[in-house]
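File shown: run_5.cif. Contents: mmCIF, C-alpha atoms.
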data_upload
loop_
_atom_site.group_PDB
_atom_site.id
_atom_site.type_symbol
_atom_site.label_atom_id
_atom_site.label_comp_id
_atom_site.auth_asym_id
_atom_site.auth_seq_id
_atom_site.Cartn_x
_atom_site.Cartn_y
_atom_site.Cartn_z
ATOM 1 C CA MET A 1 31.977 -37.701 -22.190
ATOM 2 C CA GLU A 2 31.930 -41.368 -23.062
ATOM 3 C CA LEU A 3 28.846 -42.780 -24.759
ATOM 4 C CA HIS A 4 28.213 -46.087 -26.452
ATOM 5 C CA CYS A 5 25.481 -48.003 -28.202
ATOM 6 C CA GLY A 6 26.398 -51.394 -29.645
ATOM 7 C CA ASP A 7 29.448 -50.982 -31.895
ATOM 8 C CA LEU A 8 29.293 -47.159 -31.725
ATOM 9 C CA TRP A 9 31.318 -45.111 -29.233
ATOM 10 C CA ILE A 10 31.701 -41.395 -28.688
ATOM 11 C CA ARG A 11 34.531 -40.313 -26.418
ATOM 12 C CA ASP A 12 36.386 -37.119 -25.595
ATOM 13 C CA ALA A 13 39.183 -36.335 -28.003
ATOM 14 C CA ASN A 14 42.589 -36.258 -26.363
ATOM 15 C CA ILE A 15 46.148 -35.342 -27.293
ATOM 16 C CA CYS A 16 46.701 -38.848 -28.699
ATOM 17 C CA ASP A 17 44.012 -38.129 -31.336
ATOM 18 C CA ALA A 18 45.915 -35.184 -32.810
ATOM 19 C CA GLU A 19 47.533 -37.204 -35.599
ATOM 20 C CA GLN A 20 44.222 -38.726 -36.738
ATOM 21 C CA LEU A 21 42.427 -35.373 -36.590
ATOM 22 C CA CYS A 22 45.263 -33.729 -38.518
ATOM 23 C CA THR A 23 44.975 -36.397 -41.233
ATOM 24 C CA TRP A 24 41.223 -35.844 -41.553
ATOM 25 C CA TRP A 25 41.439 -32.043 -41.418
ATOM 26 C CA ASN A 26 44.139 -31.954 -44.099
ATOM 27 C CA ASP A 27 42.067 -34.129 -46.449
ATOM 28 C CA GLY A 28 40.208 -31.876 -48.896
ATOM 29 C CA ARG A 29 37.575 -34.553 -49.539
ATOM 30 C CA VAL A 30 36.691 -34.606 -45.842
ATOM 31 C CA MET A 31 36.815 -30.822 -45.408
ATOM 32 C CA ALA A 32 35.255 -29.621 -48.688
ATOM 33 C CA HIS A 33 31.779 -29.269 -47.162
ATOM 34 C CA ALA A 34 33.237 -26.896 -44.561
ATOM 35 C CA GLY A 35 34.843 -24.697 -47.203
ATOM 36 C CA PHE A 36 38.300 -26.252 -47.302
ATOM 37 C CA PRO A 37 38.545 -28.328 -50.506
ATOM 38 C CA ASN A 38 42.338 -28.269 -50.126
ATOM 39 C CA GLY A 39 42.189 -29.279 -46.452
ATOM 40 C CA LEU A 40 43.268 -27.098 -43.555
ATOM 41 C CA GLY A 41 47.006 -27.506 -43.972
ATOM 42 C CA THR A 42 47.450 -27.828 -40.221
ATOM 43 C CA THR A 43 50.129 -29.664 -38.261
ATOM 44 C CA VAL A 44 49.925 -32.311 -35.556
ATOM 45 C CA ASP A 45 51.487 -29.866 -33.077
ATOM 46 C CA THR A 46 48.854 -27.244 -33.868
ATOM 47 C CA VAL A 47 46.067 -29.782 -33.337
ATOM 48 C CA ARG A 48 47.662 -30.940 -30.073
ATOM 49 C CA ASN A 49 47.726 -27.329 -28.870
ATOM 50 C CA GLN A 50 44.069 -26.839 -29.853
ATOM 51 C CA LEU A 51 43.056 -29.983 -27.972
ATOM 52 C CA ALA A 52 45.003 -28.811 -24.904
ATOM 53 C CA GLU A 53 43.378 -25.357 -25.052
ATOM 54 C CA ASN A 54 39.933 -26.959 -25.235
ATOM 55 C CA ARG A 55 40.496 -28.491 -21.812
ATOM 56 C CA THR A 56 40.834 -25.113 -20.073
ATOM 57 C CA GLY A 57 37.311 -25.199 -18.627
ATOM 58 C CA ASN A 58 36.129 -22.110 -20.508
ATOM 59 C CA LEU A 59 32.310 -22.289 -20.784
ATOM 60 C CA ARG A 60 32.377 -21.556 -24.495
ATOM 61 C CA HIS A 61 35.236 -23.804 -25.527
ATOM 62 C CA ASN A 62 34.740 -26.428 -28.188
ATOM 63 C CA HIS A 63 34.148 -29.902 -26.733
ATOM 64 C CA ARG A 64 35.650 -32.237 -29.368
ATOM 65 C CA HIS A 65 34.867 -35.961 -29.525
ATOM 66 C CA ILE A 66 36.026 -38.970 -31.513
ATOM 67 C CA ILE A 67 33.490 -41.329 -33.087
ATOM 68 C CA LEU A 68 34.447 -45.010 -33.112
ATOM 69 C CA PHE A 69 32.771 -47.899 -34.891
ATOM 70 C CA GLN A 70 33.933 -51.374 -33.895
ATOM 71 C CA ASN A 71 36.783 -49.724 -31.943
ATOM 72 C CA THR A 72 38.122 -47.882 -35.007
ATOM 73 C CA PRO A 73 37.999 -44.062 -35.293
ATOM 74 C CA ILE A 74 35.656 -43.089 -38.137
ATOM 75 C CA GLY A 75 34.987 -39.429 -37.455
ATOM 76 C CA GLU A 76 34.653 -36.562 -35.054
ATOM 77 C CA MET A 77 31.992 -34.382 -33.555
ATOM 78 C CA ASN A 78 31.843 -31.425 -31.244
ATOM 79 C CA TYR A 79 29.625 -29.129 -29.308
ATOM 80 C CA GLN A 80 30.160 -25.566 -28.225
ATOM 81 C CA PRO A 81 27.954 -23.957 -25.584
ATOM 82 C CA LEU A 82 26.541 -20.656 -26.835
ATOM 83 C CA ASP A 83 24.969 -19.981 -23.444
ATOM 84 C CA VAL A 84 23.719 -22.181 -20.591
ATOM 85 C CA LYS A 85 20.654 -23.330 -22.569
ATOM 86 C CA LYS A 86 21.907 -23.556 -26.157
ATOM 87 C CA CYS A 87 24.804 -25.218 -27.954
ATOM 88 C CA ARG A 88 26.081 -25.598 -31.514
ATOM 89 C CA ILE A 89 27.102 -29.027 -32.803
ATOM 90 C CA GLY A 90 29.076 -30.402 -35.713
ATOM 91 C CA ILE A 91 29.776 -33.889 -37.008
ATOM 92 C CA LYS A 92 31.952 -35.475 -39.679
ATOM 93 C CA ILE A 93 32.056 -39.151 -40.552
ATOM 94 C CA CYS A 94 35.499 -38.980 -42.102
ATOM 95 C CA ASP A 95 35.820 -42.636 -43.128
ATOM 96 C CA PHE A 96 33.918 -42.636 -46.411
ATOM 97 C CA SER A 97 33.350 -46.408 -46.224
ATOM 98 C CA LYS A 98 31.223 -45.809 -43.100
ATOM 99 C CA GLN A 99 28.954 -43.211 -44.704
ATOM 100 C CA ASN A 100 25.451 -44.045 -45.963
ATOM 101 C CA MET A 101 25.102 -46.883 -43.448
ATOM 102 C CA GLY A 102 22.657 -45.142 -41.082
ATOM 103 C CA LEU A 103 25.409 -44.563 -38.514
ATOM 104 C CA GLY A 104 25.018 -40.769 -38.551
ATOM 105 C CA LYS A 105 21.452 -40.904 -37.229
ATOM 106 C CA LYS A 106 22.466 -43.268 -34.433
ATOM 107 C CA ILE A 107 25.587 -41.305 -33.512
ATOM 108 C CA LEU A 108 23.666 -38.038 -33.461
ATOM 109 C CA SER A 109 20.813 -39.609 -31.474
ATOM 110 C CA LEU A 110 23.262 -40.762 -28.811
ATOM 111 C CA PHE A 111 25.004 -37.386 -28.716
ATOM 112 C CA ILE A 112 21.825 -35.270 -28.743
ATOM 113 C CA ARG A 113 20.240 -37.335 -25.968
ATOM 114 C CA GLU A 114 23.310 -36.645 -23.817
ATOM 115 C CA LEU A 115 23.256 -32.921 -24.600
ATOM 116 C CA PHE A 116 19.593 -32.616 -23.617
ATOM 117 C CA HIS A 117 19.470 -34.986 -20.629
ATOM 118 C CA GLU A 118 22.904 -34.787 -19.036
ATOM 119 C CA CYS A 119 24.218 -31.393 -20.137
ATOM 120 C CA GLY A 120 20.875 -29.636 -19.711
ATOM 121 C CA PHE A 121 20.742 -27.833 -23.038
ATOM 122 C CA GLU A 122 17.269 -26.820 -24.228
ATOM 123 C CA LYS A 123 18.180 -26.015 -27.824
ATOM 124 C CA ILE A 124 20.764 -27.399 -30.234
ATOM 125 C CA VAL A 125 21.715 -25.491 -33.367
ATOM 126 C CA LEU A 126 23.838 -26.320 -36.382
ATOM 127 C CA ASP A 127 24.458 -25.223 -39.921
ATOM 128 C CA THR A 128 25.432 -27.108 -43.041
ATOM 129 C CA ASN A 129 26.311 -26.347 -46.619
ATOM 130 C CA LEU A 130 23.208 -25.918 -48.774
ATOM 131 C CA ASN A 131 24.665 -28.489 -51.191
ATOM 132 C CA ASN A 132 24.964 -31.120 -48.462
ATOM 133 C CA LYS A 133 21.543 -32.682 -49.060
ATOM 134 C CA ARG A 134 22.449 -35.954 -47.317
ATOM 135 C CA ALA A 135 23.201 -34.118 -44.060
ATOM 136 C CA GLN A 136 20.043 -32.022 -44.341
ATOM 137 C CA HIS A 137 17.967 -35.187 -44.744
ATOM 138 C CA VAL A 138 19.523 -36.721 -41.605
ATOM 139 C CA TYR A 139 19.031 -33.557 -39.547
ATOM 140 C CA GLU A 140 15.401 -33.227 -40.586
ATOM 141 C CA GLU A 141 14.716 -36.895 -39.751
ATOM 142 C CA LEU A 142 16.091 -36.228 -36.251
ATOM 143 C CA GLY A 143 13.598 -33.379 -35.846
ATOM 144 C CA PHE A 144 15.765 -30.370 -36.636
ATOM 145 C CA LYS A 145 13.778 -27.465 -38.066
ATOM 146 C CA LYS A 146 15.174 -25.390 -40.903
ATOM 147 C CA ILE A 147 15.383 -21.798 -39.673
ATOM 148 C CA ARG A 148 16.853 -20.050 -42.696
ATOM 149 C CA VAL A 149 18.901 -20.389 -45.846
ATOM 150 C CA ASN A 150 21.857 -18.029 -46.107
ATOM 151 C CA ARG A 151 22.558 -17.598 -49.823
ATOM 152 C CA ASN A 152 26.056 -16.740 -51.018
ATOM 153 C CA CYS A 153 27.068 -15.845 -47.474
ATOM 154 C CA TRP A 154 30.700 -16.968 -47.507
ATOM 155 C CA LYS A 155 33.527 -17.961 -49.822
ATOM 156 C CA ASP A 156 35.314 -21.268 -49.638
ATOM 157 C CA GLN A 157 39.070 -21.684 -49.786
ATOM 158 C CA LEU A 158 38.984 -21.396 -53.587
ATOM 159 C CA GLY A 159 36.948 -18.172 -53.513
ATOM 160 C CA VAL A 160 33.698 -19.845 -54.592
ATOM 161 C CA LEU A 161 30.562 -18.379 -52.999
ATOM 162 C CA GLN A 162 28.759 -20.862 -50.754
ATOM 163 C CA SER A 163 25.339 -20.986 -49.118
ATOM 164 C CA SER A 164 24.365 -22.528 -45.804
ATOM 165 C CA VAL A 165 21.274 -23.722 -43.967
ATOM 166 C CA ASP A 166 20.672 -23.000 -40.269
ATOM 167 C CA TYR A 167 18.825 -25.597 -38.156
ATOM 168 C CA GLU A 168 17.638 -25.833 -34.577
ATOM 169 C CA LEU A 169 16.291 -28.629 -32.406
ATOM 170 C CA THR A 170 14.384 -28.648 -29.138
ATOM 171 C CA GLU A 171 13.954 -31.735 -26.999
ATOM 172 C CA ASP A 172 10.217 -32.012 -27.710
ATOM 173 C CA ALA A 173 10.918 -32.215 -31.487
ATOM 174 C CA PHE A 174 13.815 -34.706 -31.156
ATOM 175 C CA VAL A 175 13.323 -38.076 -32.887
ATOM 176 C CA SER A 176 15.815 -40.660 -31.629
ATOM 177 C CA PHE A 177 17.098 -43.487 -33.838
ATOM 178 C CA LEU A 178 18.476 -45.568 -30.963
#
Would you give me this structure, written as structure tokens?
Amino acid sequence: MELHCGDLWIRDANICDAEQLCTWWNDGRVMAHAGFPNGLGTTVDTVRNQLAENRTGNLRHNHRHIILFQNTPIGEMNYQPLDVKKCRIGIKICDFSKQNMGLGKKILSLFIRELFHECGFEKIVLDTNLNNKRAQHVYEELGFKKIRVNRNCWKDQLGVLQSSVDYELTEDAFVSFL
């Protein structure tokens, strides 16, 4: 997948991205929302192996992508088919200086349009930490519907109970910001 709109690009992650992904994934500030306030503690070799495994062609593998703004990597996103009509997505703008600029809505609009029109998915689902109000606001502006709140459903890396929110989006509810 290679998508672009102005200064924004989304492209497939490749082995050469392992070092950047490792840096982001080991940064507790980047990973705290996902339950890893100390980061993942992974290695570049481990990330390289994960990226290689994701290219096996398995229907349910995780399709990982790099987000670029003005030709500089600023984050990552992914989708995982759950079946032929539904997928789960995730996004992280890892460069904090690029957050709160409206880029997330544009990046997601570009990505979601591709998932509906070119990949043929009919429903996109995601979840986010209940405390991540900024993300919830973006998802709801894009047309995602809140399905449920899962209170105290998992513990983060420090053993602190966390809650999440489940969302889903259908093409007819999608609001593009392109």
(request) Could you tell me which residues the PyMOL selection byres ((chain A and resi 161-173) around 10) grabs in this file, written as a PyMOL selection string? (result) chain A and resi 33-35+86-88+112-113+115-117+121-132+136+139-140+142-160+174-176
What does the file look like for those residues with C-alpha atoms, as a PDB file, in the coordinates of the input?
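What landed in again.pdb:
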ATOM      1  CA  HIS A  33      31.779 -29.269 -47.162  1.00  0.00           C
ATOM      2  CA  ALA A  34      33.237 -26.896 -44.561  1.00  0.00           C
ATOM      3  CA  GLY A  35      34.843 -24.697 -47.203  1.00  0.00           C
ATOM      4  CA  LYS A  86      21.907 -23.556 -26.157  1.00  0.00           C
ATOM      5  CA  CYS A  87      24.804 -25.218 -27.954  1.00  0.00           C
ATOM      6  CA  ARG A  88      26.081 -25.598 -31.514  1.00  0.00           C
ATOM      7  CA  ILE A 112      21.825 -35.270 -28.743  1.00  0.00           C
ATOM      8  CA  ARG A 113      20.240 -37.335 -25.968  1.00  0.00           C
ATOM      9  CA  LEU A 115      23.256 -32.921 -24.600  1.00  0.00           C
ATOM     10  CA  PHE A 116      19.593 -32.616 -23.617  1.00  0.00           C
ATOM     11  CA  HIS A 117      19.470 -34.986 -20.629  1.00  0.00           C
ATOM     12  CA  PHE A 121      20.742 -27.833 -23.038  1.00  0.00           C
ATOM     13  CA  GLU A 122      17.269 -26.820 -24.228  1.00  0.00           C
ATOM     14  CA  LYS A 123      18.180 -26.015 -27.824  1.00  0.00           C
ATOM     15  CA  ILE A 124      20.764 -27.399 -30.234  1.00  0.00           C
ATOM     16  CA  VAL A 125      21.715 -25.491 -33.367  1.00  0.00           C
ATOM     17  CA  LEU A 126      23.838 -26.320 -36.382  1.00  0.00           C
ATOM     18  CA  ASP A 127      24.458 -25.223 -39.921  1.00  0.00           C
ATOM     19  CA  THR A 128      25.432 -27.108 -43.041  1.00  0.00           C
ATOM     20  CA  ASN A 129      26.311 -26.347 -46.619  1.00  0.00           C
ATOM     21  CA  LEU A 130      23.208 -25.918 -48.774  1.00  0.00           C
ATOM     22  CA  ASN A 131      24.665 -28.489 -51.191  1.00  0.00           C
ATOM     23  CA  ASN A 132      24.964 -31.120 -48.462  1.00  0.00           C
ATOM     24  CA  GLN A 136      20.043 -32.022 -44.341  1.00  0.00           C
ATOM     25  CA  TYR A 139      19.031 -33.557 -39.547  1.00  0.00           C
ATOM     26  CA  GLU A 140      15.401 -33.227 -40.586  1.00  0.00           C
ATOM     27  CA  LEU A 142      16.091 -36.228 -36.251  1.00  0.00           C
ATOM     28  CA  GLY A 143      13.598 -33.379 -35.846  1.00  0.00           C
ATOM     29  CA  PHE A 144      15.765 -30.370 -36.636  1.00  0.00           C
ATOM     30  CA  LYS A 145      13.778 -27.465 -38.066  1.00  0.00           C
ATOM     31  CA  LYS A 146      15.174 -25.390 -40.903  1.00  0.00           C
ATOM     32  CA  ILE A 147      15.383 -21.798 -39.673  1.00  0.00           C
ATOM     33  CA  ARG A 148      16.853 -20.050 -42.696  1.00  0.00           C
ATOM     34  CA  VAL A 149      18.901 -20.389 -45.846  1.00  0.00           C
ATOM     35  CA  ASN A 150      21.857 -18.029 -46.107  1.00  0.00           C
ATOM     36  CA  ARG A 151      22.558 -17.598 -49.823  1.00  0.00           C
ATOM     37  CA  ASN A 152      26.056 -16.740 -51.018  1.00  0.00           C
ATOM     38  CA  CYS A 153      27.068 -15.845 -47.474  1.00  0.00           C
ATOM     39  CA  TRP A 154      30.700 -16.968 -47.507  1.00  0.00           C
ATOM     40  CA  LYS A 155      33.527 -17.961 -49.822  1.00  0.00           C
ATOM     41  CA  ASP A 156      35.314 -21.268 -49.638  1.00  0.00           C
ATOM     42  CA  GLN A 157      39.070 -21.684 -49.786  1.00  0.00           C
ATOM     43  CA  LEU A 158      38.984 -21.396 -53.587  1.00  0.00           C
ATOM     44  CA  GLY A 159      36.948 -18.172 -53.513  1.00  0.00           C
ATOM     45  CA  VAL A 160      33.698 -19.845 -54.592  1.00  0.00           C
ATOM     46  CA  PHE A 174      13.815 -34.706 -31.156  1.00  0.00           C
ATOM     47  CA  VAL A 175      13.323 -38.076 -32.887  1.00  0.00           C
ATOM     48  CA  SER A 176      15.815 -40.660 -31.629  1.00  0.00           C
TER      49      SER A 176
END
(request) Please indicate the distance in Å from atom CA of Val84 of chain A to atom CA of Arg48 of chain A, rounded to one decimal place. (result) 27.2 Å
(request) Figure out the distance between atom CA of Leu21 of chain A and atom CA of Leu110 of chain A, please, to one decimal in Å. (result) 21.4 Å
(message) Using the chain letters and numbers from this file, what does the PyMOL selection byres ((chain A and resi 23) around 12) select? Give the answer as a ChimeraX atom specification.
(response) /A:17-22,24-31,39-44,47,73-75,94-95
(request) Compute the distance from (33.2, -29.8, -32.3) to each atom, counting only C-alpha atoms, keep the residues with any atom at most 6 Å away, and return them as a ChimeraX atom specification; use the coordinates of the file. (result) /A:62-64,77-79,90
(request) Would you please work out which residue, of A:Ile107, A:Ala135, A:Gly120, A:Phe96, is nearest to Asp83 of chain A when using all atoms listed in the file? (result)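 Among A:Ile107, A:Ala135, A:Gly120, A:Phe96, it is A:Gly120 that comes nearest to Asp83 of chain A.
Comparing A:Gly6, A:Cys16, A:Gln80, A:His137 by their smallest distance to Lys106 of chain A, the closest is A:Gly6 (using all atoms listed in the file).
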(message) I'd like to know which of A:Arg11, A:Pro37, A:Glu141, A:Lys92 is closest to Ser109 of chain A, using all atoms listed in the file.
(response)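 Result for the nearest residue to Ser109 of chain A: A:Glu141.
With atom CA of Asn14 of chain A on one side and atom CA of Lys105 of chain A on the other, the separation reads 24.2 Å.
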Show me, as lines of an AutoDock Vina configuration file, the centre and edge lengths in Å to one decimal of the axis-aligned box that covers every listed atom of segment 149-160 of chain A with 5 Å on each side.
center_x = 29.0
center_y = -18.8
center_z = -50.2
size_x = 30.2
size_y = 15.8
size_z = 18.7
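On the file presented, the PyMOL selection byres ((chain A and resi 1) around 10) picks out Glu2, Leu3, Ile10, Arg11, Asp12, Ala13, His63, Arg64, His65, Phe111 and Glu114 of chain A.
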Please produce a file of those selected residues containing C-alpha atoms, as a short mmCIF file (atom, residue, chain, number, x, y, z; two decimals), in the frame of the given file.
data_model
loop_
_atom_site.label_atom_id
_atom_site.label_comp_id
_atom_site.auth_asym_id
_atom_site.auth_seq_id
_atom_site.Cartn_x
_atom_site.Cartn_y
_atom_site.Cartn_z
CA GLU A 2 31.93 -41.37 -23.06
CA LEU A 3 28.85 -42.78 -24.76
CA ILE A 10 31.70 -41.40 -28.69
CA ARG A 11 34.53 -40.31 -26.42
CA ASP A 12 36.39 -37.12 -25.60
CA ALA A 13 39.18 -36.34 -28.00
CA HIS A 63 34.15 -29.90 -26.73
CA ARG A 64 35.65 -32.24 -29.37
CA HIS A 65 34.87 -35.96 -29.52
CA PHE A 111 25.00 -37.39 -28.72
CA GLU A 114 23.31 -36.65 -23.82
#
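Among the candidate residues A:Ile15, A:Leu108, A:Ile91, A:Ile66, the one lying nearest to Leu178 of chain A is A:Leu108, with distances computed using only C-alpha atoms.
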